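Chemist: The structure under discussion is supplied below as structure tokens; questions concerning it will follow.
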Amino acid sequence: MRPDVRVWPYALEMTPQRLLLLLGQNAFDPTSGAAQSMRQAAEVLAGAGWNVRALCTSGCEGDVEGDPAAMLRERGVVAVEQASLTPSGARVLAASRAGVLHEIVCVDPARKRYWERDAGPEYHARLDRIVREFAPQVVLAFGGDPGDERRRTVLRAAGARVVFALHNLAYLKSRPAQVDAFLAPTEFVAGRYREAWHADVQVLPTPIVPQGIVADRRDAVFTTFVNPEPAKGLWIVARLAQMLGEQRPDIPLLVVEGRMSASNLIAAGHAMDADLSRFPNLMFSPAVADVAALWATCRMVLAPSIVEEAAGRAVLEAMANGAVPLVSDRGALPETVGDAGVVLPLPGSLSLASAGPVSQEVARPWFDAITSFVDDEERYARASERARRHATRYLQDQVAPAYGAWFESVMVR
């Protein structure tokens, strides 16, 4: 049944297993790996027979322009506008994807950080209705704002079990309250929190739902870097862009915008006294909803992160399409790629505090790895197949049993 303004089918689809995905941002945010992982975890459970609903806003971490309904259409998702439940007349979209019924409260992109002030009444009216009519047994959420904690308090008082998803290391010194279980995507993240909190943290692998991620056909051309910000290795990629442009202009480098725009890379080039815009092999793309089309063109994926990554969702998506991952030795990236990727150590002195232009010596291992996979097609083919096989363990049908069993255990605690 498609959602519309007249019918809301909570009572029609009740099952013993009911989960609510609760986010203060857009579950379809193309610039947030955490939000995408949360949505796909919900889709995995829906595919395993759970009754799943989602409540979120339209806010995105990066600067995503355009109408939220149009962004959903790019993903093949039809959104229907719903009547507001409050005098505010807030715009709300209802959409269904992969068995999950979403309510999306629209917010002004320029005021996304103030969404509770602007759209809070509508969001909470819908949450109240969900509690009354859907009666979630498990809630999957994240967020450390006071409003997030208040909502968790209300949901637990209503009988729901709250699962808090840990997608970064921001809570090491402040354990979130009103939570029944903690979930992490990697042993690296879980280990850090177990050590800091002396508490149990469950690990479930980052889920990859193939729909919209795994391409039917590949035309692997680009060495691809996502989100040109310092934490993700902006300065290393800026130097790489210069080296490739000057020494190997036959190798196309694609930079995909995320929380940061393409202008960041050009500015980094200027800081190195290099005009990167003059290299025709350097290309840019905005954040895209159709990531399958992006990964279909990806030959190698770069993740020279200088921070401790919690997982590396973009790397896994690329690997699922046969792209060879070149990653730094920071955080969970080595764990994520296993023996199917190339792990390149970074100098210990390289950090966010020291972020700035790097020398060719720092970028040289990355340059050599890229060129070696371009110049040796047989080696590349073997590495590509190894990456694809490794990523299959994260696909929906492989992770569904573990997800179902653990969330059921939370439900009956």
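So you can find residues: chains in the structure tokens are A, B, ... in the order shown, residues in each start at 1, and ligands are numbered from 1 in order.
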If you run DSSP on the backbone here, which positions in range 73-230 of chain A get strand (DSSP E or B)? Please write them as a ChimeraX atom specification.

Modeler: /A:79-82,92-97,100-105,138-141,161-165,181-184,202-203,208,222-226

Chemist: Using only C-alpha atoms, which residues sit within 8 Å of Val255 in chain A once same-chain residues fewer than 3 positions away are excluded, as a list in words?

Modeler: Thr224, Phe225, Val226, Asn227, Pro228, Ala262, Leu282, Met283, Phe284 and Ser285 of chain A

Chemist: Got a sec: who's within 6 Å of Gly62 in chain A, counting only C-alpha atoms, leaving out chain neighbours fewer than 2 positions off, as a list of chain:residue names?

Modeler: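 Residues near the query, excluding close chain neighbours: A:Thr31, A:Cys60, A:Val64, A:Gly258, A:Arg259.
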
Chemist: Let me see the file: selected residues, N, CA and C atoms, as an mmCIF file, in the first residue's frame.

Modeler:
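After the write, again_22.cif holds the following:
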```cif
data_model
loop_
_atom_site.group_PDB
_atom_site.id
_atom_site.type_symbol
_atom_site.label_atom_id
_atom_site.label_comp_id
_atom_site.auth_asym_id
_atom_site.auth_seq_id
_atom_site.Cartn_x
_atom_site.Cartn_y
_atom_site.Cartn_z
ATOM 1 N N THR A 31 25.332 12.591 1.615
ATOM 2 C CA THR A 31 26.623 13.042 2.139
ATOM 3 C C THR A 31 26.949 12.441 3.501
ATOM 4 N N CYS A 60 20.477 17.507 5.507
ATOM 5 C CA CYS A 60 21.643 16.723 5.101
ATOM 6 C C CYS A 60 22.909 17.347 5.681
ATOM 7 N N VAL A 64 23.302 19.887 0.160
ATOM 8 C CA VAL A 64 22.532 19.201 -0.879
ATOM 9 C C VAL A 64 21.417 20.123 -1.317
ATOM 10 N N GLY A 258 31.025 16.006 -0.996
ATOM 11 C CA GLY A 258 30.252 15.451 0.104
ATOM 12 C C GLY A 258 29.911 16.574 1.058
ATOM 13 N N ARG A 259 30.427 16.498 2.284
ATOM 14 C CA ARG A 259 30.246 17.622 3.211
ATOM 15 C C ARG A 259 31.016 18.850 2.740
#
```

Chemist: Each residue of range 242-322 of chain A lying at most 10 Å from range 202-220 of chain A should get a row with its shortest atom-to-atom pair and the distance in Å to one decimal, counting only C-alpha atoms; could you produce that, ordered by chain and increasing number, as CSV?

Modeler:
```
residue,atom,partner,partner_atom,distance
A:Ala289,CA,A:Gly212,CA,8.5
A:Asp290,CA,A:Gly212,CA,6.2
A:Val291,CA,A:Ile213,CA,5.5
A:Ala292,CA,A:Ile213,CA,4.2
A:Ala293,CA,A:Ala215,CA,6.5
A:Leu294,CA,A:Ala215,CA,8.8
A:Trp295,CA,A:Ala215,CA,7.2
A:Ala296,CA,A:Arg218,CA,4.5
A:Thr297,CA,A:Ala220,CA,4.3
A:Cys298,CA,A:Ala220,CA,4.9
A:Arg299,CA,A:Ala220,CA,4.5
A:Met300,CA,A:Ala220,CA,8.3
A:Ala311,CA,A:Thr206,CA,7.6
A:Gly312,CA,A:Thr206,CA,8.8
A:Arg313,CA,A:Thr206,CA,7.1
A:Leu316,CA,A:Ile208,CA,8.0
A:Glu317,CA,A:Ile213,CA,6.6
A:Ala318,CA,A:Val214,CA,8.4
A:Met319,CA,A:Val214,CA,9.5
A:Ala320,CA,A:Val214,CA,6.5
A:Asn321,CA,A:Val214,CA,5.7
A:Gly322,CA,A:Arg218,CA,8.6
```

Chemist: Got a sec: who's within 8 Å of Asp180 in chain A, counting only C-alpha atoms, leaving out chain neighbours fewer than 2 positions off, as number ranges by chain?

Modeler: A: 161-164, 178, 182, 410

Chemist: Export C-alpha atoms of the chosen residues as a compact mmCIF listing (two decimals), in the first residue's frame?

Modeler:
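And here's result-v8.txt as it stands now:
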```txt
# COMPACT_ATOMS: atom_id res chain seq x y z
CA ARG A 161 14.09 -0.69 23.63
CA VAL A 162 16.54 1.90 22.31
CA VAL A 163 19.55 0.88 20.23
CA PHE A 164 22.15 3.63 19.87
CA GLN A 178 18.45 6.45 27.95
CA PHE A 182 24.93 0.02 21.74
CA VAL A 410 17.30 -6.65 22.24
```

Chemist: I'd like the interatomic distance between CA of Thr153 in chain A and CA of Met411 in chain A, to a tenth of an Å.

Modeler: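 For CA of Thr153 in chain A relative to CA of Met411 in chain A, the distance reads 16.6 Å.
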
Chemist: Could you check which of A:Trp406, A:Gly356, A:Met243, A:Ala340 is closest to Glu229 in chain A, using only C-alpha atoms?

Modeler: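 Selected residue with least distance to Glu229 in chain A: A:Gly356.
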
Chemist: From the list A:Ser88, A:Trp366, A:Ala95, A:Gln137, which residue is nearest Arg117 in chain A when using only C-alpha atoms?

Modeler: A:Ser88

Chemist: Could you list, as a PyMOL selection string, every residue within 10 Å of range 341-348 of chain A, counting only C-alpha atoms and ignoring same-chain residues fewer than 4 positions away?

Modeler: chain A and resi 236+301-306+315+319+323-330+333-337+362-363+365-366+369+383-384+386-387+390

Chemist: When you look at Asn281 in chain A with a cut-off of 7 Å (counting only C-alpha atoms), what residues show up, excluding the ones that are within fewer than 3 positions of it in the same chain? I need them as a list in words.

Modeler: Gly245, Pro249, Asp250, Ile251, Pro252 and Leu253 of chain A

Chemist: Please produce an output containing N, CA and C atoms for each residue in the selection, written as a PDB file, in the first residue's frame.

Modeler:
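Everything below was put into again-v3.pdb:
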```pdb
ATOM      1  N   GLY A 245      48.531  14.872 -12.717  1.00  0.00           N
ATOM      2  CA  GLY A 245      48.364  15.824 -13.813  1.00  0.00           C
ATOM      3  C   GLY A 245      49.657  16.083 -14.555  1.00  0.00           C
ATOM      4  N   PRO A 249      48.960  12.121 -16.968  1.00  0.00           N
ATOM      5  CA  PRO A 249      47.675  12.718 -17.337  1.00  0.00           C
ATOM      6  C   PRO A 249      46.708  11.721 -17.976  1.00  0.00           C
ATOM      7  N   ASP A 250      47.188  10.499 -18.236  1.00  0.00           N
ATOM      8  CA  ASP A 250      46.320   9.467 -18.790  1.00  0.00           C
ATOM      9  C   ASP A 250      45.437   8.819 -17.723  1.00  0.00           C
ATOM     10  N   ILE A 251      45.689   9.126 -16.447  1.00  0.00           N
ATOM     11  CA  ILE A 251      44.922   8.530 -15.351  1.00  0.00           C
ATOM     12  C   ILE A 251      43.907   9.546 -14.840  1.00  0.00           C
ATOM     13  N   PRO A 252      42.619   9.334 -15.087  1.00  0.00           N
ATOM     14  CA  PRO A 252      41.608  10.308 -14.639  1.00  0.00           C
ATOM     15  C   PRO A 252      41.320  10.168 -13.145  1.00  0.00           C
ATOM     16  N   LEU A 253      41.277  11.300 -12.475  1.00  0.00           N
ATOM     17  CA  LEU A 253      40.982  11.369 -11.045  1.00  0.00           C
ATOM     18  C   LEU A 253      39.644  12.078 -10.870  1.00  0.00           C
TER      19      LEU A 253
END
```

Chemist: Hey, what's within 12 Å of Gln360 in chain A if we count only C-alpha atoms and toss same-chain stuff fewer than 5 positions away? As a list in words, please?

Modeler: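 Counting only the stated atoms, we get Trp235, Ile236, Val237, Ala238, Arg239, Leu240, Ala241, Gln242, Met243, Leu244, Met272, Pro365, Trp366, Phe367 and Asp368 of chain A.
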
Chemist: Output the selection as a PDB file, in the first residue's frame - N, CA, C and O atoms for each residue.

Modeler:
```pdb
ATOM      1  N   TRP A 235      44.646  16.938   1.628  1.00  0.00           N
ATOM      2  CA  TRP A 235      45.963  17.435   1.235  1.00  0.00           C
ATOM      3  C   TRP A 235      46.768  16.376   0.485  1.00  0.00           C
ATOM      4  O   TRP A 235      47.549  16.708  -0.414  1.00  0.00           O
ATOM      5  N   ILE A 236      46.573  15.130   0.831  1.00  0.00           N
ATOM      6  CA  ILE A 236      47.250  14.058   0.094  1.00  0.00           C
ATOM      7  C   ILE A 236      46.705  13.985  -1.327  1.00  0.00           C
ATOM      8  O   ILE A 236      47.465  13.863  -2.303  1.00  0.00           O
ATOM      9  N   VAL A 237      45.386  14.074  -1.457  1.00  0.00           N
ATOM     10  CA  VAL A 237      44.781  13.989  -2.789  1.00  0.00           C
ATOM     11  C   VAL A 237      45.136  15.215  -3.625  1.00  0.00           C
ATOM     12  O   VAL A 237      45.320  15.108  -4.843  1.00  0.00           O
ATOM     13  N   ALA A 238      45.258  16.371  -2.994  1.00  0.00           N
ATOM     14  CA  ALA A 238      45.672  17.564  -3.746  1.00  0.00           C
ATOM     15  C   ALA A 238      47.061  17.361  -4.342  1.00  0.00           C
ATOM     16  O   ALA A 238      47.310  17.687  -5.521  1.00  0.00           O
ATOM     17  N   ARG A 239      47.971  16.808  -3.548  1.00  0.00           N
ATOM     18  CA  ARG A 239      49.313  16.548  -4.083  1.00  0.00           C
ATOM     19  C   ARG A 239      49.270  15.461  -5.145  1.00  0.00           C
ATOM     20  O   ARG A 239      49.965  15.553  -6.179  1.00  0.00           O
ATOM     21  N   LEU A 240      48.460  14.442  -4.934  1.00  0.00           N
ATOM     22  CA  LEU A 240      48.298  13.385  -5.942  1.00  0.00           C
ATOM     23  C   LEU A 240      47.773  13.961  -7.255  1.00  0.00           C
ATOM     24  O   LEU A 240      48.221  13.569  -8.345  1.00  0.00           O
ATOM     25  N   ALA A 241      46.788  14.854  -7.151  1.00  0.00           N
ATOM     26  CA  ALA A 241      46.221  15.461  -8.353  1.00  0.00           C
ATOM     27  C   ALA A 241      47.302  16.186  -9.146  1.00  0.00           C
ATOM     28  O   ALA A 241      47.346  16.113 -10.382  1.00  0.00           O
ATOM     29  N   GLN A 242      48.176  16.890  -8.438  1.00  0.00           N
ATOM     30  CA  GLN A 242      49.272  17.575  -9.118  1.00  0.00           C
ATOM     31  C   GLN A 242      50.229  16.563  -9.768  1.00  0.00           C
ATOM     32  O   GLN A 242      50.618  16.720 -10.936  1.00  0.00           O
ATOM     33  N   MET A 243      50.598  15.521  -9.041  1.00  0.00           N
ATOM     34  CA  MET A 243      51.536  14.542  -9.565  1.00  0.00           C
ATOM     35  C   MET A 243      50.960  13.783 -10.751  1.00  0.00           C
ATOM     36  O   MET A 243      51.642  13.566 -11.769  1.00  0.00           O
ATOM     37  N   LEU A 244      49.708  13.397 -10.666  1.00  0.00           N
ATOM     38  CA  LEU A 244      49.074  12.703 -11.786  1.00  0.00           C
ATOM     39  C   LEU A 244      48.935  13.634 -12.990  1.00  0.00           C
ATOM     40  O   LEU A 244      49.165  13.229 -14.138  1.00  0.00           O
ATOM     41  N   MET A 272      49.485  24.990  -2.333  1.00  0.00           N
ATOM     42  CA  MET A 272      50.734  24.313  -2.723  1.00  0.00           C
ATOM     43  C   MET A 272      51.391  25.011  -3.912  1.00  0.00           C
ATOM     44  O   MET A 272      52.306  24.464  -4.516  1.00  0.00           O
ATOM     45  N   PRO A 365      53.714   6.926  -2.154  1.00  0.00           N
ATOM     46  CA  PRO A 365      53.171   5.560  -2.105  1.00  0.00           C
ATOM     47  C   PRO A 365      51.802   5.436  -2.762  1.00  0.00           C
ATOM     48  O   PRO A 365      51.493   4.405  -3.373  1.00  0.00           O
ATOM     49  N   TRP A 366      50.975   6.462  -2.631  1.00  0.00           N
ATOM     50  CA  TRP A 366      49.652   6.449  -3.245  1.00  0.00           C
ATOM     51  C   TRP A 366      49.784   6.544  -4.766  1.00  0.00           C
ATOM     52  O   TRP A 366      49.093   5.830  -5.499  1.00  0.00           O
ATOM     53  N   PHE A 367      50.648   7.409  -5.230  1.00  0.00           N
ATOM     54  CA  PHE A 367      50.907   7.546  -6.666  1.00  0.00           C
ATOM     55  C   PHE A 367      51.399   6.222  -7.238  1.00  0.00           C
ATOM     56  O   PHE A 367      50.922   5.763  -8.285  1.00  0.00           O
ATOM     57  N   ASP A 368      52.341   5.584  -6.556  1.00  0.00           N
ATOM     58  CA  ASP A 368      52.893   4.329  -7.057  1.00  0.00           C
ATOM     59  C   ASP A 368      51.838   3.222  -7.088  1.00  0.00           C
ATOM     60  O   ASP A 368      51.799   2.409  -8.033  1.00  0.00           O
TER      61      ASP A 368
END
```

Chemist: So the first atom is CA of Arg364 in chain A and the second is CA of Ser349 in chain A; what is the distance between them in Å, to one decimal place?

Modeler: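 Spanning CA of Arg364 in chain A to CA of Ser349 in chain A is a straight-line distance of 16.6 Å.
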
Chemist: Of the residues A:Val92, A:Leu169, A:Val201, A:Val288, which is the one nearest to Phe28 in chain A, using only C-alpha atoms?

Modeler: A:Val288

Chemist: Which residue, A:Phe373, A:Tyr123, A:Trp115, A:Phe142, has the smallest gap to Arg175 in chain A when you use only C-alpha atoms?

Modeler: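 For Arg175 in chain A, the nearest of the given residues is A:Phe142.
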
Chemist: Looking at only C-alpha atoms, which of A:Ala391, A:Ala190, A:Val138, A:Ala165 is the one that sits closest to Val412 in chain A?

Modeler: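 For Val412 in chain A, the nearest of the candidates is A:Val138.
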
Chemist: Quick one: of A:Gly120, A:Ala160, A:Arg113, A:Pro230, who's nearest to Val358 in chain A, counting only C-alpha atoms?

Modeler: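 Ranking A:Gly120, A:Ala160, A:Arg113, A:Pro230 by distance to Val358 in chain A, first place goes to A:Pro230.
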